[in-house]
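Q: Have a peek at entry13.cif (mmCIF, C-alpha atoms).
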data_start
loop_
_atom_site.label_atom_id
_atom_site.label_comp_id
_atom_site.auth_asym_id
_atom_site.auth_seq_id
_atom_site.Cartn_x
_atom_site.Cartn_y
_atom_site.Cartn_z
CA MET M 26 122.67 83.57 125.67
CA SER M 27 124.00 80.03 125.26
CA MET M 28 127.25 78.74 126.77
CA ARG M 29 128.65 78.36 123.26
CA LYS M 30 128.27 82.08 122.67
CA TYR M 31 129.85 82.89 126.03
CA LYS M 32 132.82 80.72 125.08
CA LEU M 33 133.11 82.42 121.68
CA PHE M 34 133.02 85.88 123.26
CA THR M 35 135.65 84.86 125.84
CA VAL M 36 138.00 83.72 123.08
CA LEU M 37 137.47 86.62 120.68
CA VAL M 38 137.25 89.68 122.94
CA PRO M 39 140.87 89.64 124.25
CA VAL M 40 142.16 88.96 120.75
CA LEU M 41 140.19 91.84 119.28
CA ILE M 42 141.17 94.24 122.06
CA ILE M 43 144.90 93.53 122.03
CA GLY M 44 145.25 92.81 118.32
CA GLY M 45 143.11 95.80 117.33
CA PHE M 46 145.04 98.22 119.50
CA GLU M 47 148.42 96.92 118.31
CA TYR M 48 147.35 97.29 114.71
CA ILE M 49 146.13 100.86 115.25
CA ARG M 50 149.29 101.73 117.21
CA HIS M 51 151.66 100.43 114.56
CA GLU M 52 149.71 101.92 111.66
CA PHE M 53 148.75 105.32 113.03
CA LEU M 54 150.26 106.05 116.45
CA LEU M 55 153.96 105.22 116.24
CA ARG M 56 154.79 108.91 115.88
CA TYR M 57 152.84 109.85 119.00
CA LEU M 58 153.40 106.93 121.39
CA THR M 59 156.70 105.56 122.64
CA MET M 60 157.06 101.81 123.21
CA GLU M 61 156.73 102.24 126.98
CA ALA M 62 153.67 104.48 126.64
CA GLY M 63 152.07 102.09 124.18
CA ASN M 64 152.61 99.09 126.46
CA PHE M 65 151.16 100.97 129.44
CA THR M 66 148.17 102.14 127.39
CA ILE M 67 147.33 98.65 126.06
CA THR M 68 147.63 97.24 129.60
CA VAL M 69 145.17 99.81 130.99
CA ILE M 70 142.75 99.41 128.07
CA THR M 71 142.88 95.61 128.30
CA LEU M 72 142.27 95.73 132.05
CA LEU M 73 139.30 98.09 131.80
CA LEU M 74 137.64 96.36 128.87
CA SER M 75 138.27 92.90 130.33
CA TYR M 76 136.70 94.01 133.62
CA LEU M 77 133.63 95.41 131.86
CA PHE M 78 133.29 92.33 129.68
CA ALA M 79 133.75 89.91 132.58
CA SER M 80 131.21 91.82 134.70
CA TRP M 81 128.66 91.71 131.91
CA MET M 82 129.31 88.05 131.14
CA PHE M 83 129.07 86.82 134.74
CA THR M 84 125.95 88.92 135.37
CA SER M 85 124.35 87.35 132.31
CA MET M 86 125.38 83.86 133.44
CA GLU M 87 123.96 84.46 136.92
CA ARG M 88 120.64 85.53 135.40
CA SER M 89 120.63 82.42 133.22
CA ASN M 90 121.37 80.19 136.23
CA GLU M 91 118.60 81.85 138.24
CA LYS M 92 116.14 81.17 135.41
CA ILE M 93 117.28 77.54 135.27
CA LEU M 94 116.92 77.09 139.04
CA THR M 95 113.48 78.70 139.03
CA SER M 96 112.42 76.46 136.16
CA GLU M 97 113.71 73.35 137.95
CA ALA M 98 111.93 74.31 141.16
CA ARG M 99 108.62 74.81 139.35
CA ARG M 100 109.04 71.57 137.41
CA ALA M 101 109.74 69.69 140.64
CA VAL M 102 106.62 71.18 142.26
CA PHE M 103 104.43 70.25 139.31
CA GLU M 104 105.87 66.72 139.22
CA GLU M 105 105.12 66.33 142.91
CA ARG M 106 101.57 67.56 142.33
CA GLU M 107 101.10 65.04 139.55
CA ARG M 108 102.27 62.32 141.93
CA LEU M 109 99.86 63.54 144.61
CA ALA M 110 97.05 63.52 142.08
CA ARG M 111 97.82 59.91 141.11
CA GLU M 112 97.99 58.80 144.73
CA LEU M 113 94.75 60.64 145.53
CA HIS M 114 93.06 58.97 142.55
CA ASP M 115 94.20 55.49 143.66
CA ASP M 116 93.28 56.13 147.29
CA LEU M 117 89.82 57.44 146.44
CA ALA M 118 89.20 54.63 143.97
CA GLN M 119 89.96 52.01 146.64
CA THR M 120 87.86 53.80 149.26
CA LEU M 121 84.92 54.27 146.90
CA PHE M 122 85.02 50.58 145.98
CA PHE M 123 85.05 49.71 149.69
CA LEU M 124 82.15 52.12 150.26
CA ASN M 125 80.14 50.53 147.44
CA VAL M 126 80.68 47.05 148.88
CA LYS M 127 79.64 48.10 152.38
CA LEU M 128 76.53 49.87 151.10
CA ARG M 129 75.51 46.73 149.21
CA GLN M 130 76.05 44.75 152.41
CA GLY M 131 74.03 47.27 154.40
CA ASP M 132 76.95 47.98 156.74
CA ILE M 133 76.16 51.64 157.46
CA GLU M 134 78.85 52.19 160.11
CA GLU M 135 81.65 51.01 157.84
CA ALA M 136 80.19 53.09 155.01
CA LYS M 137 80.23 56.18 157.26
CA ALA M 138 83.88 55.51 158.08
CA ALA M 139 84.69 55.31 154.36
CA VAL M 140 82.91 58.59 153.67
CA SER M 141 84.88 60.22 156.50
CA GLU M 142 88.11 58.88 155.00
CA ILE M 143 87.21 60.34 151.60
CA ASP M 144 86.43 63.69 153.22
CA ASN M 145 89.79 63.74 155.03
CA SER M 146 91.70 62.77 151.89
CA LEU M 147 90.06 65.51 149.84
CA ARG M 148 90.65 68.15 152.51
CA GLN M 149 94.32 67.16 152.78
CA ALA M 150 94.74 67.22 149.00
CA ILE M 151 93.18 70.69 148.77
CA PHE M 152 95.60 71.96 151.41
CA ASN M 153 98.57 70.33 149.67
CA LEU M 154 97.75 71.87 146.30
CA ARG M 155 96.46 75.26 147.42
CA THR M 156 99.70 77.28 147.35
CA PRO M 157 100.83 78.07 143.78
CA PRO M 158 104.55 77.58 143.01
CA GLU M 159 104.72 81.11 141.55
CA GLU M 160 104.59 82.53 145.08
CA GLY M 161 108.23 81.53 145.49
CA THR M 162 108.02 80.93 149.23
CA SER M 163 111.05 79.50 150.99
CA PHE M 164 111.35 75.81 151.80
CA GLY M 165 110.97 76.46 155.51
CA GLN M 166 107.82 78.52 154.92
CA ARG M 167 106.29 75.80 152.73
CA ILE M 168 106.98 73.24 155.46
CA HIS M 169 105.35 75.48 158.07
CA THR M 170 102.29 76.09 155.85
CA TYR M 171 101.81 72.39 155.21
CA LEU M 172 102.17 71.41 158.87
CA ASP M 173 99.89 74.22 160.01
CA ASN M 174 97.21 73.07 157.56
CA TRP M 175 97.73 69.43 158.59
CA ARG M 176 97.23 70.40 162.21
CA LEU M 177 93.95 72.16 161.37
CA VAL M 178 92.64 69.23 159.31
CA THR M 179 93.55 66.46 161.76
CA GLY M 180 93.17 68.21 165.11
CA ILE M 181 96.38 66.47 166.25
CA GLU M 182 98.70 68.53 168.45
CA LEU M 183 101.93 69.22 166.55
CA HIS M 184 105.28 70.57 167.78
CA GLU M 185 107.40 71.94 164.94
CA THR M 186 111.08 72.92 164.80
CA VAL M 187 112.76 73.95 161.55
CA LYS M 188 116.36 75.18 161.63
CA ILE M 189 117.63 75.43 158.07
CA THR M 190 119.41 78.14 156.11
CA GLU M 191 118.13 79.53 152.83
CA ASN M 192 119.22 77.50 149.79
CA SER M 193 120.64 74.77 152.02
CA PHE M 194 118.87 72.20 149.81
CA THR M 195 118.66 72.03 146.03
CA PRO M 196 115.18 72.18 144.43
CA ASN M 197 115.26 68.42 143.84
CA GLU M 198 116.31 67.73 147.45
CA GLU M 199 113.53 69.98 148.71
CA ILE M 200 110.86 68.12 146.76
CA LEU M 201 112.16 64.72 147.92
CA LEU M 202 112.32 65.82 151.56
CA PHE M 203 108.88 67.41 151.32
CA GLY M 204 107.52 64.18 149.83
CA ILE M 205 108.92 62.10 152.71
CA MET M 206 107.41 64.52 155.21
CA GLN M 207 104.01 64.42 153.49
CA GLU M 208 103.97 60.62 153.37
CA ALA M 209 104.94 60.38 157.04
CA PHE M 210 102.20 62.76 158.17
CA THR M 211 99.66 61.09 155.89
CA ASN M 212 100.44 57.80 157.64
CA ILE M 213 100.09 59.46 161.04
CA ARG M 214 96.69 60.87 160.05
CA LYS M 215 95.39 57.62 158.56
CA HIS M 216 96.81 54.87 160.72
CA SER M 217 98.35 56.07 164.00
CA MET M 218 95.35 57.24 166.05
CA ALA M 219 97.83 59.69 167.60
CA THR M 220 96.98 62.77 169.63
CA ASP M 221 100.43 64.34 169.51
CA ALA M 222 103.22 64.54 166.90
CA THR M 223 106.57 66.30 166.48
CA PHE M 224 108.57 67.46 163.46
CA HIS M 225 112.21 68.51 163.58
CA LEU M 226 114.41 69.47 160.62
CA GLU M 227 117.91 70.85 161.12
CA ASP M 228 120.97 71.24 158.94
CA ASP M 229 124.50 72.59 159.16
CA ASN M 230 127.50 72.59 156.86
CA ASN M 231 128.21 68.89 157.41
CA HIS M 232 124.93 67.17 158.16
CA TRP M 233 121.13 67.41 157.98
CA ARG M 234 118.48 65.47 159.90
CA MET M 235 114.69 65.16 159.79
CA HIS M 236 112.99 63.61 162.84
CA ILE M 237 109.23 62.84 163.02
CA THR M 238 107.47 61.16 165.94
CA ASP M 239 103.93 60.44 167.12
CA ASN M 240 102.34 58.93 170.23
CA GLY M 241 99.96 56.63 168.35
CA CYS M 242 99.41 52.89 168.20
CA GLY M 243 102.53 52.14 166.15
CA LEU M 244 102.75 50.25 162.89
CA GLN M 245 100.39 47.44 163.88
CA PRO M 246 98.04 45.55 161.55
CA ASP M 247 94.68 47.25 161.38
CA PRO M 248 91.82 45.33 159.71
CA LYS M 249 90.17 48.62 158.75
CA ALA M 250 93.37 50.03 157.20
CA ASN M 251 94.78 49.32 153.79
CA ALA M 252 97.98 47.35 154.54
CA LYS M 253 99.25 47.67 150.97
CA SER M 254 98.83 51.43 151.13
CA THR M 255 100.92 51.63 154.32
CA THR M 256 103.67 49.38 152.91
CA TYR M 257 103.70 51.35 149.68
CA GLY M 258 104.11 54.59 151.62
CA ILE M 259 107.11 53.22 153.54
CA ASP M 260 108.69 51.92 150.33
CA LEU M 261 108.14 55.32 148.73
CA MET M 262 109.88 57.08 151.62
CA GLN M 263 112.77 54.61 151.40
CA LYS M 264 113.11 55.29 147.68
CA ARG M 265 113.17 59.05 148.18
CA ALA M 266 115.70 58.78 151.00
CA SER M 267 117.91 56.70 148.72
CA GLU M 268 117.69 59.35 146.00
CA LEU M 269 118.77 61.91 148.60
CA GLY M 270 121.75 59.76 149.57
CA ALA M 271 120.26 59.59 153.06
CA THR M 272 119.52 56.85 155.56
CA LEU M 273 115.96 56.24 156.75
CA GLU M 274 115.29 54.63 160.10
CA LEU M 275 111.77 53.68 161.20
CA ARG M 276 111.09 52.62 164.78
CA SER M 277 107.70 51.51 166.04
CA GLU M 278 106.25 49.59 168.96
CA LYS M 279 102.69 48.67 169.81
CA ASP M 280 100.97 51.53 171.64
CA ALA M 281 104.31 53.36 171.86
CA GLY M 282 104.13 55.45 168.71
CA THR M 283 106.36 55.66 165.66
CA GLU M 284 109.67 57.43 165.11
CA LEU M 285 111.09 58.32 161.69
CA ILE M 286 114.66 59.57 161.22
CA VAL M 287 116.06 60.63 157.84
CA GLN M 288 119.58 62.01 157.76
CA ALA M 289 122.64 62.43 155.55
CA GLU M 290 126.12 63.85 155.55
CA ARG M 291 126.86 66.83 153.36
CA LYS M 292 129.16 66.15 150.42
CA VAL M 293 132.32 68.21 150.74
CA ASN M 294 133.79 69.36 147.45
CA SER M 295 137.55 69.06 147.43
#
Would you mind giving the structure from this file in structure tokens?
A:
Amino acid sequence: MSMRKYKLFTVLVPVLIIGGFEYIRHEFLLRYLTMEAGNFTITVITLLLSYLFASWMFTSMERSNEKILTSEARRAVFEERERLARELHDDLAQTLFFLNVKLRQGDIEEAKAAVSEIDNSLRQAIFNLRTPPEEGTSFGQRIHTYLDNWRLVTGIELHETVKITENSFTPNEEILLFGIMQEAFTNIRKHSMATDATFHLEDDNNHWRMHITDNGCGLQPDPKANAKSTTYGIDLMQKRASELGATLELRSEKDAGTELIVQAERKVNS
């Protein structure tokens, strides 16, 4: 039912209850009900009917809100998958072009490296897209599934800590946070040469914080890596953090790994 109909019902129901009873009382019940008895009766009837009506209305509104939230969550998931598909297409197109050039040049070792990169990208994409949104898993469970799959694909040791309450993030916040996490771990897999990584996400009533580290080579120029791709990934994380109203801090030193911190204060409604 639309909000307009809820508003119409809210306006009309009390009028019909009170007005209808007063009309019936004055037309048919004056001989049987005193003024005091009539006032008491209309008060009880109004209370009971108002309670039943309000219970029905708010239950209906809650169901409508749940449908809206579910729809938004699914839409956000599908939008993120479309983005992943576009990025995968661009990444594979660049790698395939590089592979074609190296094969023409007869550089077999570089060609093998390109094939390995394509294989890793496809495996990661399959893992990212494997879980259907209809399963309705919690945000924490989706994070754990992704990181567990990432660990299996990359062979990098990963230490994971997730301390969040259910529904602590809106569907849109979840998809933005998940996107930042995916981009960070994609960069670790592609560019860091790390053997160990950590992920920490924690929230409370006033603040949330995501902390990702690795023990790799840091954000140093790599002639075999696509520099534009790395810069684009960082810009994308910055954009998502901005949409979250969060700050993003990236620290990196040569051969000392990379540290990513994304955090924000909770908005308190007055």
Q: Which residue out of M:Thr179, M:Ser267, M:Thr120, M:Ser75 has the minimum interatomic distance to M:Glu198 when all atoms listed in the file are used?
A: M:Ser267
Q: How close does each residue of stretch 168-230 of chain M get to stretch 128-147 of chain M, giving the shortest atom pair and distance in Å to one decimal for every residue with an atom at most 12 Å away, counting only C-alpha atoms, sorted by chain and residue number, as a Markdown table?
A:
| residue | atom | partner | partner_atom | distance |
| --- | --- | --- | --- | --- |
| M:Trp175 | CA | M:Asn145 | CA | 10.4 |
| M:Leu177 | CA | M:Asn145 | CA | 11.3 |
| M:Val178 | CA | M:Asn145 | CA | 7.5 |
| M:Thr179 | CA | M:Asn145 | CA | 8.2 |
| M:Gly180 | CA | M:Asn145 | CA | 11.5 |
| M:Thr211 | CA | M:Ser146 | CA | 9.1 |
| M:Asn212 | CA | M:Ser146 | CA | 11.6 |
| M:Arg214 | CA | M:Asn145 | CA | 9.0 |
| M:Lys215 | CA | M:Glu142 | CA | 8.2 |
| M:His216 | CA | M:Glu142 | CA | 11.2 |
Q: What does the structure give for the distance between atom CA of M:Leu269 and atom CA of M:Leu201, in Å to one decimal?
A: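 Distance between the two atoms: 7.2 Å.
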Q: Would you mind telling me which residue in M:Glu52, M:Glu268, M:Glu61, M:Asp229 lies nearest to M:Ile200 when using only C-alpha atoms?
A: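 Nearest candidate to M:Ile200 out of M:Glu52, M:Glu268, M:Glu61, M:Asp229: M:Glu268.
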Q: Convert the output of the PyMOL selection byres ((chain M and resi 236-242) around 8) on the shown file into explicit residues, formatted as number ranges by chain.
A: M: 209, 213, 217-226, 234-235, 243-245, 278-287
Q: When you draw a straight line from atom CA of M:His232 to atom CA of M:Ala289, how long is it in Å?
A: 5.9 Å
Q: Rounded to one decimal in Å, what is the spacing between atom CA of M:Leu58 and atom CA of M:Gly45?
A: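 Interatomic distance here is 15.7 Å.
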Q: Just so the selection is clear, what residues does the PyMOL selection byres ((chain M and resi 203) around 10) cover here, as an MDAnalysis selection string?
A: chainID M and resid 105 164 167:168 171 197:202 204:209 265
Q: With distances taken over only C-alpha atoms, which residue among M:Asp173, M:Glu91, M:Glu274, M:Glu227 lies nearest M:Thr186?
A: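 Closest to M:Thr186, using only C-alpha atoms: M:Glu227.
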Q: Excluding same-chain residues fewer than 5 positions from M:Thr68, what lies within 9 Å of it counting only C-alpha atoms, as a list in words?
A: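 Surrounding residues, per the criterion: Ile43, Gly63 and Leu73 of chain M.
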